[in-house]
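Worksheet: the structure to be examined is printed underneath.
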Amino acid sequence: MAQKNFGPLTGLKIIDVSSVIAAPFAACLLGDLGAEVIKVELPGKGDATRGLGPWKGEESLRWPGLSRNKRSLTLDIRTEEGREIFKELVRTADAIIENFRPGTLEKWGLGYEVLKEVNPNIVLTRQSGYGQTGPYAGKAGFGTPCTAFSGYTYLQGFSDRPPVSPAFSLLDYVSGIFVAFGTVSALYHRDKNNAEGQVVELGLYEAMFRMMEFLIAEHDQLGKVRERSPMLAGHSSPAGTYQTKDGKWVVLVCSTEKTWTRLAESMGRADLIDDPRYKTNMERMQNDEDLQKIVKEFIRSLNNDELLEKMDTDGVPVSPILSIEDIFNNPQYKARENILEVEHPRLGAVKVPGIVPKFSATPGKIRHRAPDLGEHNEEILRNEIGLTEEQIEQLYEKGVI
């Protein structure tokens, strides 16, 4: 049957045998862009994300947004029969995404060499806390501890207080993007070069560490250990968090000479542009404390709406600090369809993040809601594996599915 195009990845088949947030988020991103995603879950338990908050009653409110565009198959791949069924799925799949501790798939007899015998074209994307190699490979790894390991947490907070971890699973989501990117890159190489599949692997901490080239170069070349700061620091001036006359908070940053010039003119202080203390970003950084006083005083003289209108008119990069309530009412979010609705079997309509990025010719779509545990067992086992109703019933009785 011809498959209707619902995104640039339509036609790809992904097996998601991961759990919690990072790797499942990667599979969700691929599903949003058209890939068929089969989520393999442990019978009777399922993905741990099903039990993560926030909740409404007993329903996880994270699940609908993180697991849309997936079908759920319960399958215990630790059993012999479960492994054989898994191999049958692999025969027609393009990629597998997993995030067990290194060596776990091998322990179950499902290492890459085994999977490659089943399907030479399969891509196996492996995510773990610290990667598949090195002395820390076997350590348990979750997002918040790995964020600390990445060097990011050391930078967050006030200098006279303890370091601050992100208020949500930031690293998991950042890492998930790298996992998705790595998977489609391997698939592109396979298909573009008529090559076989390969292993793609990533440690959680590596995704965040990759984003901090400034930190690495600074320590290497200057011997500096950057300490924590409550705002953007050490990159450009002026920049930071400021309060308006009516008590609202905004963030402003001048990362280029052009934006600094616009700000100075907008403040009515064109004289600062040629002031030798502020002529270049390096000089502004050296005199940041004095410049910050000028900017803070200006912003404090205007109400939030007045400031934003003026800054937008003058092309100065400033944004209000939005709460989720603000976001729900924001016209930009509405225009971009950044919040969509999906149906939930017990909660009714539930709002979830929209599809990103957007494609002009092959836009992604939420094709179906997040599945209940094992919702697609019969459909997958009967139509894609070829099992009979009697065989499926026996698997239920044995606890294999």
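In the structure tokens, chains take letters A, B, ... by order of appearance, with residues numbered from 1 within each chain and ligands from 1 in the order shown.
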
May I have the residues within 12 Å of Arg300 of chain A as a PyMOL selection string, using only C-alpha atoms and disregarding those fewer than 5 positions away in the same chain?
chain A and resi 241-250+267+292-295+306-307

Go ahead and write the residues just picked, N, CA and C atoms, as a PDB file, in the first residue's frame.
```
ATOM      1  N   THR A 241      19.795  40.531  32.071  1.00  0.00           N
ATOM      2  CA  THR A 241      18.387  40.558  32.469  1.00  0.00           C
ATOM      3  C   THR A 241      18.110  41.886  33.160  1.00  0.00           C
ATOM      4  N   TYR A 242      17.039  42.541  32.732  1.00  0.00           N
ATOM      5  CA  TYR A 242      16.749  43.886  33.225  1.00  0.00           C
ATOM      6  C   TYR A 242      15.272  43.988  33.615  1.00  0.00           C
ATOM      7  N   GLN A 243      14.982  44.908  34.540  1.00  0.00           N
ATOM      8  CA  GLN A 243      13.609  45.100  35.000  1.00  0.00           C
ATOM      9  C   GLN A 243      13.077  46.440  34.486  1.00  0.00           C
ATOM     10  N   THR A 244      11.836  46.405  34.017  1.00  0.00           N
ATOM     11  CA  THR A 244      11.210  47.613  33.496  1.00  0.00           C
ATOM     12  C   THR A 244      10.538  48.396  34.621  1.00  0.00           C
ATOM     13  N   LYS A 245      10.031  49.566  34.275  1.00  0.00           N
ATOM     14  CA  LYS A 245       9.412  50.459  35.253  1.00  0.00           C
ATOM     15  C   LYS A 245       8.243  49.792  35.964  1.00  0.00           C
ATOM     16  N   ASP A 246       7.477  48.964  35.231  1.00  0.00           N
ATOM     17  CA  ASP A 246       6.311  48.314  35.829  1.00  0.00           C
ATOM     18  C   ASP A 246       6.629  46.928  36.386  1.00  0.00           C
ATOM     19  N   GLY A 247       7.898  46.638  36.622  1.00  0.00           N
ATOM     20  CA  GLY A 247       8.288  45.415  37.316  1.00  0.00           C
ATOM     21  C   GLY A 247       8.400  44.178  36.460  1.00  0.00           C
ATOM     22  N   LYS A 248       8.300  44.300  35.139  1.00  0.00           N
ATOM     23  CA  LYS A 248       8.459  43.153  34.251  1.00  0.00           C
ATOM     24  C   LYS A 248       9.951  42.913  33.996  1.00  0.00           C
ATOM     25  N   TRP A 249      10.252  41.710  33.537  1.00  0.00           N
ATOM     26  CA  TRP A 249      11.647  41.351  33.268  1.00  0.00           C
ATOM     27  C   TRP A 249      11.860  41.101  31.787  1.00  0.00           C
ATOM     28  N   VAL A 250      12.998  41.581  31.279  1.00  0.00           N
ATOM     29  CA  VAL A 250      13.340  41.373  29.880  1.00  0.00           C
ATOM     30  C   VAL A 250      14.796  40.929  29.788  1.00  0.00           C
ATOM     31  N   MET A 267      18.448  54.592  22.960  1.00  0.00           N
ATOM     32  CA  MET A 267      18.474  55.167  24.297  1.00  0.00           C
ATOM     33  C   MET A 267      18.668  56.685  24.262  1.00  0.00           C
ATOM     34  N   GLN A 292      26.547  48.869  32.089  1.00  0.00           N
ATOM     35  CA  GLN A 292      25.334  48.234  32.605  1.00  0.00           C
ATOM     36  C   GLN A 292      24.476  49.226  33.395  1.00  0.00           C
ATOM     37  N   LYS A 293      25.094  50.108  34.127  1.00  0.00           N
ATOM     38  CA  LYS A 293      24.335  51.103  34.896  1.00  0.00           C
ATOM     39  C   LYS A 293      23.525  52.001  33.974  1.00  0.00           C
ATOM     40  N   ILE A 294      24.119  52.384  32.847  1.00  0.00           N
ATOM     41  CA  ILE A 294      23.429  53.239  31.884  1.00  0.00           C
ATOM     42  C   ILE A 294      22.224  52.506  31.289  1.00  0.00           C
ATOM     43  N   VAL A 295      22.440  51.240  30.884  1.00  0.00           N
ATOM     44  CA  VAL A 295      21.373  50.464  30.253  1.00  0.00           C
ATOM     45  C   VAL A 295      20.251  50.174  31.254  1.00  0.00           C
ATOM     46  N   GLU A 306       6.076  49.782  26.489  1.00  0.00           N
ATOM     47  CA  GLU A 306       6.774  50.911  25.863  1.00  0.00           C
ATOM     48  C   GLU A 306       8.167  50.495  25.408  1.00  0.00           C
ATOM     49  N   LEU A 307       8.871  49.801  26.274  1.00  0.00           N
ATOM     50  CA  LEU A 307      10.229  49.366  25.962  1.00  0.00           C
ATOM     51  C   LEU A 307      10.249  48.439  24.756  1.00  0.00           C
TER      52      LEU A 307
END
```

Which of segment 110-350 of chain A counts as alpha helix (DSSP H) under DSSP, as number ranges by chain please?
A: 112-118, 143-150, 170-192, 204-209, 213-222, 257-266, 281-286, 288-300, 304-314, 324-328, 331-335

Using only C-alpha atoms, determine which residues lie at most 8 Å from Arg101 of chain A, disregarding the query and same-chain residues fewer than 6 positions distant; provide the list as a ChimeraX atom specification.
/A:128-129,137-140

How would the residues just chosen look if you wrote them out with all heavy atoms as a JSON list (two decimals), in the first residue's frame?
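So part-v4.json came out as:
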```
[["chain", "number", "residue", "atom", "x", "y", "z"],
["A", 128, "SER", "N", 23.99, 6.50, 25.82],
["A", 128, "SER", "CA", 24.17, 6.13, 27.22],
["A", 128, "SER", "C", 24.70, 7.36, 27.95],
["A", 128, "SER", "O", 24.96, 8.39, 27.34],
["A", 128, "SER", "CB", 25.15, 4.96, 27.36],
["A", 128, "SER", "OG", 26.41, 5.30, 26.81],
["A", 129, "GLY", "N", 24.85, 7.26, 29.26],
["A", 129, "GLY", "CA", 25.28, 8.42, 30.02],
["A", 129, "GLY", "C", 26.64, 8.93, 29.59],
["A", 129, "GLY", "O", 26.85, 10.14, 29.44],
["A", 137, "ALA", "N", 32.19, 4.25, 30.99],
["A", 137, "ALA", "CA", 31.15, 3.70, 30.11],
["A", 137, "ALA", "C", 30.08, 2.94, 30.87],
["A", 137, "ALA", "O", 28.90, 3.00, 30.52],
["A", 137, "ALA", "CB", 31.79, 2.79, 29.05],
["A", 138, "GLY", "N", 30.46, 2.24, 31.92],
["A", 138, "GLY", "CA", 29.51, 1.42, 32.65],
["A", 138, "GLY", "C", 28.71, 2.16, 33.71],
["A", 138, "GLY", "O", 27.84, 1.57, 34.36],
["A", 139, "LYS", "N", 29.02, 3.43, 33.96],
["A", 139, "LYS", "CA", 28.32, 4.18, 34.99],
["A", 139, "LYS", "C", 26.86, 4.44, 34.59],
["A", 139, "LYS", "O", 26.55, 4.65, 33.43],
["A", 139, "LYS", "CB", 29.00, 5.55, 35.22],
["A", 139, "LYS", "CG", 30.27, 5.49, 36.04],
["A", 139, "LYS", "CD", 30.98, 6.84, 36.06],
["A", 139, "LYS", "CE", 30.14, 7.94, 36.69],
["A", 139, "LYS", "NZ", 30.05, 7.80, 38.16],
["A", 140, "ALA", "N", 26.00, 4.45, 35.61],
["A", 140, "ALA", "CA", 24.62, 4.85, 35.36],
["A", 140, "ALA", "C", 24.60, 6.32, 34.99],
["A", 140, "ALA", "O", 25.31, 7.14, 35.60],
["A", 140, "ALA", "CB", 23.77, 4.61, 36.61]]
```

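Excluding Asn121 of chain A and any residue on its chain fewer than 6 positions from it, the residues at most 10 Å away by only C-alpha atoms are A:Val90, A:Arg91, A:Thr92, A:Ala93, A:Asp94, A:Ala95, A:Leu115, A:Leu187, A:Arg190, A:Asp191, A:Asn194, A:Ala195, A:Glu196, A:Gly197, A:Gln198.
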
Atom CA of His376 of chain A to atom CA of Asp47 of chain A measures 14.9 Å

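Comparing the minimum interatomic distances between Glu378 of chain A and each of A:Gln332, A:Arg62, A:Ala264, A:Arg71, counting only C-alpha atoms, we find that A:Arg71 sits nearest.
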
Shell of 12 Å around segment 154-169 of chain A, only C-alpha atoms, local chain residues under 3 positions omitted, as number ranges by chain:
A: 20-22, 25, 52-54, 62, 142-151, 172-176, 204, 212, 215, 225-234

Spatial neighbours of Thr79 of chain A, 12 Å, only C-alpha atoms, chain gap at least 5 places, as an NGL selection string
:A and (42-43 or 84-86 or 107-110 or 395 or 398-401)

For segment 313-325 of chain A, list every protein, DNA or RNA residue within 12 Å, evaluated using only C-alpha atoms, and leave out those in the same chain fewer than 3 positions away; present the list as an NGL selection string.
:A and (238-244 or 247-268 or 299 or 303-310 or 328-330 or 333 or 339)

Enumerate the residues of segment 123-292 of chain A with a DSSP assignment of strand (DSSP E or B), computed from the backbone, and present them as a PDB file with C-alpha atoms, in the first residue's frame.
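Result file is selection.pdb:
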```
ATOM      1  CA  VAL A 123      21.602   1.592  11.717  1.00  0.00           C
ATOM      2  CA  LEU A 124      21.955   1.134  15.474  1.00  0.00           C
ATOM      3  CA  THR A 125      21.963   4.407  17.395  1.00  0.00           C
ATOM      4  CA  ARG A 126      23.158   3.968  20.963  1.00  0.00           C
ATOM      5  CA  GLN A 127      22.870   6.538  23.694  1.00  0.00           C
ATOM      6  CA  SER A 128      24.168   6.128  27.223  1.00  0.00           C
ATOM      7  CA  GLN A 156      24.927  28.269  36.506  1.00  0.00           C
ATOM      8  CA  VAL A 199      26.619   2.141  14.766  1.00  0.00           C
ATOM      9  CA  VAL A 200      26.027   5.713  15.921  1.00  0.00           C
ATOM     10  CA  GLU A 201      26.713   6.357  19.600  1.00  0.00           C
ATOM     11  CA  LEU A 202      26.623   9.310  21.955  1.00  0.00           C
ATOM     12  CA  GLY A 203      27.145   9.979  25.647  1.00  0.00           C
ATOM     13  CA  SER A 229      27.200  33.711  36.645  1.00  0.00           C
ATOM     14  CA  ALA A 239      23.795  41.938  27.808  1.00  0.00           C
ATOM     15  CA  GLY A 240      21.707  40.623  30.660  1.00  0.00           C
ATOM     16  CA  THR A 241      18.387  40.558  32.469  1.00  0.00           C
ATOM     17  CA  TYR A 242      16.749  43.886  33.225  1.00  0.00           C
ATOM     18  CA  GLN A 243      13.609  45.100  35.000  1.00  0.00           C
ATOM     19  CA  TRP A 249      11.647  41.351  33.268  1.00  0.00           C
ATOM     20  CA  VAL A 250      13.340  41.373  29.880  1.00  0.00           C
ATOM     21  CA  VAL A 251      16.513  39.953  28.368  1.00  0.00           C
ATOM     22  CA  LEU A 252      18.672  42.040  26.056  1.00  0.00           C
ATOM     23  CA  VAL A 253      21.899  41.170  24.291  1.00  0.00           C
TER      24      VAL A 253
END
```

With distances taken over only C-alpha atoms, which residue among A:Pro331, A:Ser19, A:Gly34, A:Phe100 lies nearest Arg50 of chain A?
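When distances to Arg50 of chain A are compared using only C-alpha atoms, the smallest one comes from A:Ser19.
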
Give me, please, the distance in Å between atom CA of Ala35 of chain A and atom CA of Leu12 of chain A, quoted to one decimal.
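About the pair atom CA of Ala35 of chain A and atom CA of Leu12 of chain A: they are 4.9 Å apart.
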
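Counting only C-alpha atoms, the residue from A:Leu73, A:Phe214, A:Gly141, A:Glu88 that sits nearest to Gly386 of chain A is A:Glu88.
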
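Across the model, the gap from atom CA of Gly374 of chain A to atom CA of Leu61 of chain A is 18.7 Å.
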